[in-house]
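protein-v1.txt, holding compact mmCIF, C-alpha atoms:
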# COMPACT_ATOMS: atom_id res chain seq x y z
CA MET A 1 0.00 0.00 0.00
CA SER A 2 1.32 3.45 -0.95
CA THR A 3 0.19 6.86 0.20
CA LEU A 4 0.47 8.44 -3.25
CA LEU A 5 0.26 7.03 -6.77
CA GLY A 6 1.62 9.23 -9.55
CA ILE A 7 0.24 8.98 -13.09
CA HIS A 8 2.39 10.87 -15.58
CA GLY A 9 1.50 12.86 -18.69
CA VAL A 10 2.95 13.01 -22.20
CA TRP A 11 6.54 13.10 -23.46
CA GLN A 12 7.88 10.81 -20.73
CA TYR A 13 9.43 8.02 -22.76
CA HIS A 14 13.04 7.11 -22.04
CA ARG A 15 14.53 3.74 -22.80
CA ASP A 16 16.02 3.41 -19.30
CA ARG A 17 12.98 4.69 -17.41
CA THR A 18 10.85 2.44 -15.21
CA ALA A 19 7.98 3.05 -12.81
CA ASP A 20 10.46 3.03 -9.91
CA VAL A 21 12.73 5.54 -11.63
CA LEU A 22 9.78 7.82 -12.34
CA ALA A 23 8.56 7.49 -8.75
CA GLY A 24 12.00 8.56 -7.53
CA MET A 25 11.90 11.61 -9.78
CA TRP A 26 8.44 12.63 -8.54
CA ARG A 27 9.42 12.10 -4.91
CA GLY A 28 12.39 14.39 -5.47
CA TYR A 29 10.22 17.11 -7.01
CA LEU A 30 7.75 16.97 -4.13
CA GLN A 31 10.46 17.01 -1.50
CA GLU A 32 11.76 20.27 -2.96
CA GLY A 33 8.54 21.86 -1.75
CA VAL A 34 7.84 19.92 1.45
CA ARG A 35 8.80 21.68 4.66
CA PRO A 36 10.05 20.30 6.95
CA VAL A 37 11.75 17.89 4.54
CA ARG A 38 10.55 14.33 5.01
CA GLU A 39 10.18 11.10 3.11
CA VAL A 40 7.31 10.89 0.64
CA ASP A 41 5.66 7.51 0.12
CA LEU A 42 4.95 7.58 -3.61
CA ALA A 43 4.67 4.91 -6.29
CA ALA A 44 4.17 5.61 -9.99
CA VAL A 45 2.69 4.16 -13.14
CA TYR A 46 4.88 4.24 -16.25
CA TYR A 47 2.73 3.72 -19.33
CA SER A 48 4.58 5.90 -21.85
CA PRO A 49 6.08 2.98 -23.86
CA LEU A 50 2.55 1.77 -24.61
CA LEU A 51 1.77 5.00 -26.48
CA ARG A 52 5.09 5.41 -28.26
CA ASP A 53 5.17 5.49 -32.03
CA GLN A 54 8.00 3.06 -32.75
CA GLY A 55 8.66 4.63 -36.14
CA THR A 56 9.53 8.12 -34.90
CA PRO A 57 11.97 8.71 -32.03
CA GLN A 58 10.49 11.18 -29.58
CA GLY A 59 11.48 14.79 -30.07
CA THR A 60 13.08 14.50 -33.53
CA ASP A 61 10.43 16.26 -35.63
CA ASP A 62 8.48 19.39 -34.82
CA GLU A 63 6.03 19.26 -37.71
CA VAL A 64 2.43 18.39 -36.89
CA PRO A 65 1.27 15.36 -38.95
CA ASP A 66 -1.86 15.78 -41.06
CA ALA A 67 -3.68 13.22 -38.91
CA LEU A 68 -3.38 15.56 -35.90
CA ALA A 69 -4.31 18.76 -37.72
CA GLY A 70 -7.97 18.70 -36.68
CA ASP A 71 -7.15 18.28 -32.98
CA VAL A 72 -4.50 20.99 -33.03
CA ASP A 73 -6.89 23.31 -34.88
CA ALA A 74 -9.59 22.71 -32.24
CA TRP A 75 -7.05 23.49 -29.51
CA LEU A 76 -5.96 26.69 -31.23
CA ARG A 77 -9.59 27.81 -31.55
CA ALA A 78 -10.15 27.08 -27.85
CA LEU A 79 -7.16 29.27 -27.01
CA GLY A 80 -8.50 32.07 -29.19
CA ALA A 81 -5.75 31.99 -31.81
CA PRO A 82 -6.56 34.28 -34.74
CA ASN A 83 -7.85 32.60 -37.91
CA PRO A 84 -6.69 29.06 -37.08
CA THR A 85 -9.16 27.26 -39.39
CA MET A 86 -7.34 25.38 -42.15
CA HIS A 87 -8.08 24.79 -45.81
CA GLY A 88 -6.37 22.12 -47.91
CA ALA A 89 -2.76 22.75 -48.82
CA VAL A 90 -2.34 25.70 -46.44
CA ALA A 91 -3.09 23.60 -43.35
CA THR A 92 0.55 23.18 -42.34
CA GLY A 93 1.26 26.87 -42.67
CA ARG A 94 -1.80 27.81 -40.63
CA LEU A 95 -0.84 25.34 -37.91
CA ARG A 96 2.67 26.74 -37.74
CA ASP A 97 1.30 30.29 -37.60
CA GLY A 98 -1.14 29.29 -34.87
CA ILE A 99 1.52 27.59 -32.78
CA ALA A 100 3.85 30.56 -33.32
CA TRP A 101 1.05 32.80 -31.99
CA VAL A 102 0.76 30.60 -28.88
CA ALA A 103 4.52 30.67 -28.32
CA GLN A 104 4.65 34.45 -28.66
CA ARG A 105 1.63 35.07 -26.45
CA TYR A 106 2.96 32.88 -23.64
CA GLY A 107 6.64 33.71 -24.02
CA LEU A 108 7.70 30.23 -25.19
CA ASP A 109 10.39 28.97 -27.53
CA GLN A 110 8.69 28.32 -30.87
CA LYS A 111 10.56 25.13 -31.79
CA LEU A 112 10.08 23.61 -28.33
CA THR A 113 6.41 24.58 -28.45
CA ARG A 114 5.98 22.79 -31.79
CA LEU A 115 7.78 19.72 -30.43
CA PHE A 116 5.58 19.68 -27.35
CA VAL A 117 2.37 20.19 -29.33
CA ARG A 118 3.33 17.35 -31.67
CA ALA A 119 4.12 15.03 -28.72
CA PHE A 120 1.03 15.97 -26.71
CA PHE A 121 -1.54 15.61 -29.46
CA ALA A 122 0.06 12.45 -30.85
CA GLU A 123 -0.10 10.65 -27.49
CA VAL A 124 -3.59 11.93 -26.72
CA ALA A 125 -4.77 10.75 -30.15
CA ARG A 126 -3.23 7.31 -29.67
CA TYR A 127 -4.84 6.92 -26.27
CA LEU A 128 -8.29 8.17 -27.32
CA ASP A 129 -8.37 6.69 -30.84
CA PRO A 130 -11.97 5.45 -31.27
CA LEU A 131 -11.00 3.11 -34.12
CA ASP A 132 -8.18 1.30 -32.34
CA ARG A 133 -8.60 0.76 -28.61
CA THR A 134 -5.57 -1.52 -28.26
CA ARG A 135 -3.25 1.09 -26.77
CA HIS A 136 -6.05 2.71 -24.80
CA ASP A 137 -6.96 -0.58 -23.14
CA ALA A 138 -3.31 -1.43 -22.45
CA VAL A 139 -2.71 1.91 -20.71
CA LEU A 140 -5.97 1.67 -18.78
CA GLY A 141 -5.07 -1.86 -17.69
CA GLU A 142 -1.65 -0.71 -16.48
CA VAL A 143 -3.19 2.03 -14.37
CA LEU A 144 -5.91 -0.22 -12.95
CA HIS A 145 -3.26 -2.80 -12.05
CA ALA A 146 -1.28 -0.13 -10.20
CA LEU A 147 -4.39 1.09 -8.36
CA HIS A 148 -5.15 -2.46 -7.19
CA THR A 149 -1.52 -3.21 -6.32
CA HIS A 150 -0.64 -0.04 -4.42
CA ARG A 151 -4.11 0.85 -3.05
CA PRO A 152 -3.13 4.53 -2.72
CA ARG A 153 -4.83 7.04 -0.48
CA VAL A 154 -4.07 9.72 -3.08
CA VAL A 155 -3.83 9.69 -6.87
CA VAL A 156 -1.71 12.49 -8.34
CA ALA A 157 -2.37 12.72 -12.08
CA HIS A 158 -0.61 15.13 -14.42
CA SER A 159 -1.71 16.20 -17.92
CA LEU A 160 -2.80 13.16 -19.99
CA GLY A 161 -2.42 11.15 -16.78
CA SER A 162 -5.50 12.92 -15.44
CA VAL A 163 -7.47 11.65 -18.44
CA VAL A 164 -6.31 8.07 -17.83
CA ALA A 165 -6.97 8.38 -14.09
CA PHE A 166 -10.49 9.70 -14.72
CA GLU A 167 -11.36 6.77 -16.98
CA ALA A 168 -9.68 4.17 -14.73
CA LEU A 169 -11.45 5.35 -11.58
CA HIS A 170 -14.77 5.30 -13.42
CA ALA A 171 -14.02 1.87 -14.91
CA ASP A 172 -13.71 0.32 -11.44
CA PRO A 173 -16.00 2.13 -8.99
CA GLY A 174 -14.74 -0.19 -6.25
CA VAL A 175 -11.38 1.61 -6.21
CA GLU A 176 -11.58 4.23 -3.49
CA VAL A 177 -9.15 7.11 -3.00
CA GLU A 178 -9.27 9.87 -0.43
CA LEU A 179 -7.93 12.48 -2.84
CA LEU A 180 -7.67 12.84 -6.61
CA LEU A 181 -5.22 15.64 -7.35
CA THR A 182 -5.14 16.62 -11.03
CA LEU A 183 -2.38 18.88 -12.35
CA GLY A 184 -2.50 20.70 -15.68
CA SER A 185 -5.49 18.61 -16.74
CA PRO A 186 -6.86 18.71 -20.31
CA LEU A 187 -10.02 16.77 -19.34
CA GLY A 188 -12.29 19.57 -20.50
CA MET A 189 -10.52 20.31 -23.79
CA PRO A 190 -13.35 20.53 -26.33
CA ASP A 191 -13.33 18.18 -29.35
CA VAL A 192 -9.87 16.83 -28.49
CA VAL A 193 -10.54 15.14 -25.12
CA LEU A 194 -13.90 15.95 -23.55
CA ASP A 195 -16.13 14.29 -26.14
CA LYS A 196 -13.94 11.19 -26.49
CA LEU A 197 -13.92 10.11 -22.85
CA ASP A 198 -15.50 7.01 -21.36
CA PRO A 199 -17.75 7.93 -19.66
CA GLY A 200 -18.35 10.99 -21.77
CA PRO A 201 -20.14 14.19 -20.81
CA VAL A 202 -23.85 14.33 -20.10
CA ALA A 203 -25.38 17.64 -21.10
CA GLY A 204 -21.83 18.87 -21.63
CA ARG A 205 -20.55 17.93 -18.18
CA LEU A 206 -18.38 15.16 -16.71
CA THR A 207 -18.95 13.59 -13.31
CA LYS A 208 -16.57 12.72 -10.49
CA PRO A 209 -15.61 9.01 -10.25
CA PRO A 210 -17.72 7.41 -7.51
CA GLY A 211 -14.77 6.15 -5.45
CA VAL A 212 -13.13 9.59 -5.17
CA ARG A 213 -13.82 11.25 -1.83
CA ARG A 214 -12.23 14.62 -2.66
CA TRP A 215 -11.02 16.12 -5.94
CA VAL A 216 -8.59 19.05 -6.12
CA ASN A 217 -7.57 20.46 -9.50
CA VAL A 218 -4.51 22.67 -9.95
CA ALA A 219 -3.87 24.52 -13.22
CA ASP A 220 -1.49 27.36 -13.89
CA ARG A 221 -3.54 30.28 -15.16
CA GLY A 222 -1.38 30.33 -18.29
CA ASP A 223 -1.19 26.57 -18.92
CA ILE A 224 -1.92 26.13 -22.63
CA ILE A 225 -3.04 22.52 -22.11
CA ALA A 226 -5.29 22.97 -19.07
CA ILE A 227 -8.24 24.43 -20.93
CA PRO A 228 -10.94 25.45 -20.31
CA ARG A 229 -10.35 26.96 -16.90
CA PRO A 230 -11.64 26.48 -14.35
CA LEU A 231 -12.03 22.75 -14.99
CA SER A 232 -15.09 22.78 -12.73
CA SER A 233 -16.87 24.72 -15.47
CA VAL A 234 -17.30 21.39 -17.30
CA VAL A 235 -16.80 18.81 -14.50
CA ASP A 236 -19.14 18.18 -11.59
CA GLY A 237 -17.69 17.13 -8.26
CA ILE A 238 -14.42 19.07 -8.17
CA ASP A 239 -14.14 20.27 -4.59
CA VAL A 240 -11.37 22.83 -5.09
CA ASP A 241 -10.20 24.39 -8.36
CA LEU A 242 -6.95 26.34 -7.98
CA GLU A 243 -5.07 28.53 -10.47
CA PRO A 244 -1.69 29.41 -8.98
CA SER A 245 1.33 30.65 -10.89
CA ILE A 246 3.41 27.51 -11.44
CA HIS A 247 6.27 28.86 -13.56
CA ALA A 248 6.79 31.89 -15.77
CA PHE A 249 7.70 29.95 -18.93
CA ASP A 250 7.63 26.22 -18.16
CA PHE A 251 4.19 25.98 -16.61
CA HIS A 252 3.03 22.57 -17.84
CA GLN A 253 5.95 20.48 -16.62
CA ALA A 254 5.23 17.95 -13.87
CA ARG A 255 8.31 18.95 -11.91
CA ASN A 256 7.07 22.53 -11.56
CA TYR A 257 3.55 21.48 -10.59
CA LEU A 258 4.85 18.98 -8.02
CA ARG A 259 7.19 21.34 -6.22
CA ASN A 260 4.74 24.25 -6.22
CA PRO A 261 3.48 25.31 -2.77
CA THR A 262 -0.16 24.96 -3.88
CA THR A 263 0.35 21.30 -4.78
CA VAL A 264 2.32 20.61 -1.62
CA ALA A 265 -0.39 22.27 0.50
CA ALA A 266 -3.09 20.09 -1.11
CA LEU A 267 -1.06 16.97 -0.33
CA ALA A 268 0.15 18.00 3.15
CA PRO A 269 -2.70 16.32 5.09
CA TYR A 270 -1.83 13.00 3.46
CA LEU A 271 1.98 13.04 3.74
How would this structure read if it were set down as structure tokens?
Amino acid sequence: MSTLLGIHGVWQYHRDRTADVLAGMWRGYLQEGVRPVREVDLAAVYYSPLLRDQGTPQGTDDEVPDALAGDVDAWLRALGAPNPTMHGAVATGRLRDGIAWVAQRYGLDQKLTRLFVRAFFAEVARYLDPLDRTRHDAVLGEVLHALHTHRPRVVVAHSLGSVVAFEALHADPGVEVELLLTLGSPLGMPDVVLDKLDPGPVAGRLTKPPGVRRWVNVADRGDIIAIPRPLSSVVDGIDVDLEPSIHAFDFHQARNYLRNPTTVAALAPYL
């Protein structure tokens, strides 16, 4: 039994990484913010290899594939990017212009932003692909196995991990956790995530998994992935919805969410 179970987000693949290695990394991030310093009992799920595209090494190409253009366009529209709608041969140019607009607005490096967008939407698409549930079911099975093995009091789910956690906790209502802490969650992202979930929204709204006693959501007010904000605008059952400043430029990274005082304060009663 573990106190905390961490469920990671996108862009986490490394050939030498394991669940134990990832858990050690997350414990280190949390301990940077915990005062007085003490041991953190945390296990982790490492599902990234199940969503990896074997044909393209991660981080080597910053172009958005045509298959992801619709999702990226929907995201750009949700962020309010000017004229993001694409037409035929100009789609790639419009995507690049839209991503450049995001990078400029939020003070980000354009190439790194394109790399991240490509990685995020590729992994989300593989997980939520309605025509091929193989990877989806494998990831969900990995997370359910970890929930049953570690029986955590708290689930800490970052980015895409919050999507997987939401579906896993709904899939087995018998799994009970005292706290679900979601960080930088894209659960409410229209067209890209929200409408592809199982269970999906009813009258436009999602519901809290029945085994979750308390749900706290933390999203940097400038996080380009955690949209819409507040998440409680489209999800019923969130007890606390917080929008602290996580980091000036690197606001979606797990390490910055985990060592932020707001996250540490939410976890403090359980440490």
### Message
Can you pull out the residues contacting Leu169 of chain A? Cut-off 9 Å, using only C-alpha atoms, and skip same-chain residues under 4 positions away; I want them as a list in words.
### Response
Leu144, Leu147, Val164, Ala165, Pro173, Gly174, Val175, Glu176, Pro209, Pro210, Gly211 and Val212 of chain A
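Atom CA of Gly237 of chain A is positioned 5.1 Å from atom CA of Lys208 of chain A.
Of the residues under consideration (A:Ile224, A:Leu68, A:Asp172, A:Arg214), A:Leu68 shows the shortest atom-to-atom contact distance to Ala119 of chain A when counting all atoms listed in the file.
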### Message
Give me, as a ChimeraX atom specification, all polymer residues having an atom no more than 9 Å from Arg255 of chain A, counting only C-alpha atoms and skipping those fewer than 3 positions away in the same chain.
### Response
/A:25-26,28-30,252,258-260
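Closest approach to Ser233 of chain A among A:Arg135, A:Arg221, A:His150, A:Arg205: A:Arg205, based on only C-alpha atoms.
Using only C-alpha atoms, the nearest neighbour of His148 of chain A within the list A:Pro36, A:Trp215, A:Ala168, A:Asp129 is A:Ala168.
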### Query
For Ala23 of chain A, which of A:Val156, A:Glu142, A:Glu123, A:Arg229 is the closest residue, counting all atoms listed in the file?
A:Val156
#### Entry: Counting only C-alpha atoms, the option among A:Thr182, A:Gln104, A:Gln253, A:Thr207 closest to Asp241 of chain A
A:Thr182
### Message
With only C-alpha atoms as the counted atoms, please give the residues lying no more than 12 Å from Val45 of chain A, apart from itself and same-chain residues fewer than 4 positions off, as JSON, numbers by chain.
### Response
{"A": [4, 5, 6, 7, 8, 9, 12, 17, 18, 19, 20, 21, 22, 23, 24, 26, 49, 50, 139, 140, 141, 142, 143, 144, 145, 146, 147, 148, 149, 150, 152, 155, 156, 157, 158, 161, 164, 165]}
### Task
Using all atoms listed in the file, pick whichever of A:Thr3, A:Arg105, A:Ala171, A:Ala125 has the shortest atom-to-atom distance to Pro269 of chain A.
A:Thr3
### Task
Please provide the set of residues having any atom within 7 Å of segment 186-203 of chain A, restricted to all atoms listed in the file, with same-chain residues fewer than 4 positions apart removed, written as a ChimeraX atom specification.
/A:71,74,128,159-160,163,167,225-228,231,234
